[in-house]
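See below for run.txt, which holds compact mmCIF, C-alpha atoms.
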# COMPACT_ATOMS: atom_id res chain seq x y z
CA MET A 2 0.00 0.00 0.00
CA LYS A 3 1.55 3.25 -1.19
CA THR A 4 1.01 6.33 0.96
CA GLU A 5 1.59 10.05 0.42
CA TRP A 6 4.77 10.18 2.49
CA MET A 7 6.36 7.53 0.30
CA ASN A 8 6.15 9.84 -2.71
CA ALA A 9 8.03 12.49 -0.73
CA LEU A 10 10.59 9.89 0.33
CA TYR A 11 11.15 8.75 -3.26
CA GLY A 12 11.44 12.35 -4.43
CA GLY A 13 13.92 13.17 -1.69
CA VAL A 14 16.06 10.16 -2.57
CA LEU A 15 16.07 11.17 -6.25
CA ILE A 16 17.01 14.77 -5.41
CA GLY A 17 19.82 13.62 -3.11
CA LEU A 18 21.09 11.15 -5.69
CA SER A 19 20.99 13.78 -8.44
CA ALA A 20 22.85 16.34 -6.33
CA SER A 21 25.47 13.74 -5.39
CA LEU A 22 25.98 12.69 -9.00
CA MET A 23 26.33 16.33 -10.10
CA LEU A 24 29.04 16.89 -7.49
CA LEU A 25 30.77 13.61 -8.33
CA TRP A 26 30.71 13.94 -12.13
CA ASN A 27 30.82 17.68 -12.61
CA GLY A 28 32.40 18.95 -9.40
CA ARG A 29 29.54 21.43 -9.02
CA VAL A 30 26.85 22.10 -6.47
CA THR A 31 23.31 21.64 -7.81
CA GLY A 32 22.00 25.13 -7.15
CA ILE A 33 19.41 26.01 -9.76
CA SER A 34 19.91 29.78 -9.49
CA GLY A 35 23.67 29.38 -9.93
CA ILE A 36 23.20 27.08 -12.91
CA LEU A 37 20.79 29.57 -14.51
CA TYR A 38 23.07 32.53 -13.77
CA GLY A 39 26.03 30.72 -15.30
CA LEU A 40 23.98 30.07 -18.43
CA ILE A 41 22.94 33.70 -18.95
CA SER A 42 26.20 35.33 -17.78
CA SER A 43 28.76 36.53 -20.28
CA GLU A 44 31.58 34.45 -18.79
CA LYS A 45 33.44 32.31 -21.29
CA GLU A 46 32.73 28.74 -20.28
CA ILE A 47 31.17 25.66 -21.75
CA LYS A 48 27.48 26.03 -21.02
CA ASN A 49 26.04 22.89 -22.64
CA TRP A 50 25.63 21.04 -19.33
CA ARG A 51 23.80 24.02 -17.81
CA LEU A 52 21.37 24.18 -20.71
CA ALA A 53 20.84 20.41 -20.63
CA PHE A 54 20.20 20.48 -16.88
CA LEU A 55 17.63 23.30 -17.08
CA LEU A 56 15.92 21.81 -20.13
CA GLY A 57 15.70 18.52 -18.25
CA LEU A 58 13.94 20.27 -15.37
CA VAL A 59 11.42 21.94 -17.66
CA MET A 60 10.87 18.89 -19.86
CA GLY A 61 10.49 16.67 -16.82
CA GLY A 62 7.62 18.88 -15.69
CA PHE A 63 5.97 18.73 -19.10
CA ILE A 64 6.37 14.95 -19.31
CA LEU A 65 4.92 14.49 -15.83
CA GLY A 66 2.03 16.80 -16.69
CA TYR A 67 1.32 14.79 -19.82
CA THR A 68 1.66 11.33 -18.30
CA MET A 69 0.20 12.06 -14.84
CA PRO A 70 -1.96 15.21 -15.02
CA GLN A 71 -3.46 14.38 -11.62
CA ALA A 72 -0.09 15.29 -10.08
CA PHE A 73 -0.86 18.95 -10.82
CA GLN A 74 -4.42 18.98 -9.50
CA GLY A 75 -5.36 20.74 -6.30
CA GLY A 76 -3.07 23.74 -6.78
CA LEU A 77 -3.90 27.33 -6.03
CA GLU A 78 -5.88 29.21 -8.64
CA LEU A 79 -3.79 32.35 -8.95
CA GLY A 80 -3.71 34.85 -11.77
CA ASN A 81 -0.75 35.27 -14.10
CA GLY A 82 0.17 38.59 -12.49
CA THR A 83 0.46 37.00 -9.06
CA VAL A 84 2.60 34.18 -10.43
CA ILE A 85 4.89 36.64 -12.25
CA ILE A 86 5.31 38.80 -9.13
CA ALA A 87 6.01 35.69 -7.04
CA GLY A 88 8.61 34.52 -9.55
CA LEU A 89 10.35 37.89 -9.53
CA LEU A 90 10.38 37.93 -5.72
CA VAL A 91 11.89 34.44 -5.66
CA GLY A 92 14.53 35.57 -8.18
CA PHE A 93 15.33 38.61 -6.05
CA GLY A 94 15.54 36.37 -2.97
CA THR A 95 18.03 34.05 -4.61
CA VAL A 96 20.28 36.99 -5.43
CA LEU A 97 19.88 38.39 -1.92
CA GLY A 98 20.50 34.97 -0.32
CA SER A 99 23.42 34.13 -2.62
CA GLY A 100 21.63 31.01 -3.75
CA CYS A 101 18.38 29.12 -3.63
CA THR A 102 16.90 26.31 -1.58
CA SER A 103 18.34 23.69 -3.91
CA GLY A 104 21.85 25.03 -3.46
CA HIS A 105 21.69 25.90 0.22
CA GLY A 106 19.05 23.45 1.43
CA VAL A 107 20.07 20.31 -0.41
CA CYS A 108 23.75 20.76 -1.15
CA GLY A 109 24.89 23.23 1.51
CA ILE A 110 23.34 21.52 4.51
CA SER A 111 24.62 18.14 3.36
CA ARG A 112 28.13 19.66 3.34
CA LEU A 113 27.49 20.95 6.90
CA SER A 114 27.70 24.58 5.83
CA LEU A 115 26.55 26.88 8.64
CA ARG A 116 25.84 29.63 6.10
CA SER A 117 23.56 27.30 4.16
CA PHE A 118 21.80 26.15 7.33
CA VAL A 119 21.05 29.76 8.30
CA ALA A 120 19.97 30.63 4.74
CA THR A 121 17.63 27.62 4.55
CA CYS A 122 16.07 28.46 7.93
CA LEU A 123 15.50 32.02 6.69
CA PHE A 124 13.99 30.80 3.40
CA VAL A 125 11.55 28.52 5.19
CA GLY A 126 10.75 31.06 7.90
CA VAL A 127 10.05 33.85 5.43
CA GLY A 128 7.92 31.45 3.38
CA ILE A 129 5.81 30.53 6.41
CA PHE A 130 5.48 34.19 7.40
CA SER A 131 4.52 35.19 3.85
CA VAL A 132 1.78 32.58 3.61
CA TYR A 133 0.43 33.66 7.00
CA VAL A 134 0.38 37.33 6.00
CA PHE A 135 -1.04 36.75 2.51
CA LYS A 136 -3.79 34.47 3.84
CA ASN A 137 -4.79 37.08 6.43
CA LEU A 138 -4.79 39.82 3.80
CA GLY A 139 -7.03 37.70 1.59
CA ILE A 140 -4.48 37.41 -1.21
CA LEU A 141 -4.29 33.62 -0.80
CA PRO A 142 -7.35 31.44 -0.24
Would you give me this structure, written as structure tokens?
Amino acid sequence: MKTEWMNALYGGVLIGLSASLMLLWNGRVTGISGILYGLISSEKEIKNWRLAFLLGLVMGGFILGYTMPQAFQGGLELGNGTVIIAGLLVGFGTVLGSGCTSGHGVCGISRLSLRSFVATCLFVGVGIFSVYVFKNLGILP
């Protein structure tokens, strides 16, 4: 009998395995914001792996949506403007925090980085606070 928590466990194992393989094979931390920044920056470096990684993330979402559309049911019904503003705020936060939850939360904490532990606690804390505020303001259902 498969339960909800098993899906989270499987996902966590896959994320950990992916981050470990990236560090082993490429010598790089799997921080999505850093990978994206390296792709769009003007630095002279081979960027094929960055593009392949990001395309894999996007295509994986499309494939999952096509093969298991029920995985995307039950989400919040938000307008495009709200989603765009949220995306820009997340982008600003990754610059301000010198990384994102994938870099700090998955890779940094596993390397016992105090900076990453503090950053991840702040990310989660601000997320909880934001949901609380936005729900009380009526912005979120």
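The shortest atom-to-atom distance to Val96 of chain A, with all atoms listed in the file taken into account, belongs to A:Ala120 out of A:Leu24, A:Ala120, A:Leu113, A:Val134.
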Exercise. What is the distance between atom CA of Gly104 of chain A and atom CA of Thr121 of chain A, in Å to one decimal?
Worked result: 9.4 Å
Problem set entry | Counting all atoms listed in the file, the option among A:Leu97, A:Ile33, A:Leu10, A:Ile129 closest to Val59 of chain A | A:Ile33
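What separates atom CA of Gly106 of chain A from atom CA of Gly39 of chain A is a distance of 19.5 Å.
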For this session: For atom CA of Gly32 of chain A and atom CA of Ser103 of chain A, quote the distance in Å rounded to one decimal.
Result: 5.1 Å
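Distance check against Thr31 of chain A using all atoms listed in the file: of A:Leu18, A:Val127, A:Leu65, A:Val91, the minimum falls on A:Leu18.
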Problem set entry | Nearest candidate to Glu5 of chain A (options A:Ala72, A:Tyr133, A:Ser117, A:Asn49; using only C-alpha atoms) | A:Ala72
For this session: Using all atoms listed in the file, determine which residues lie at most 12 Å from segment 54-58 of chain A, disregarding the query and same-chain residues fewer than 2 positions distant; provide the list as a ChimeraX atom specification.
Result: /A:16,19-20,23,27,31-41,48-52,60-65
Problem set entry | Contact residues around Leu141 of chain A with all atoms listed in the file at 10 Å, ignoring same-chain residues under 4 positions, as a PyMOL selection string | chain A and resi 77-79+132-137
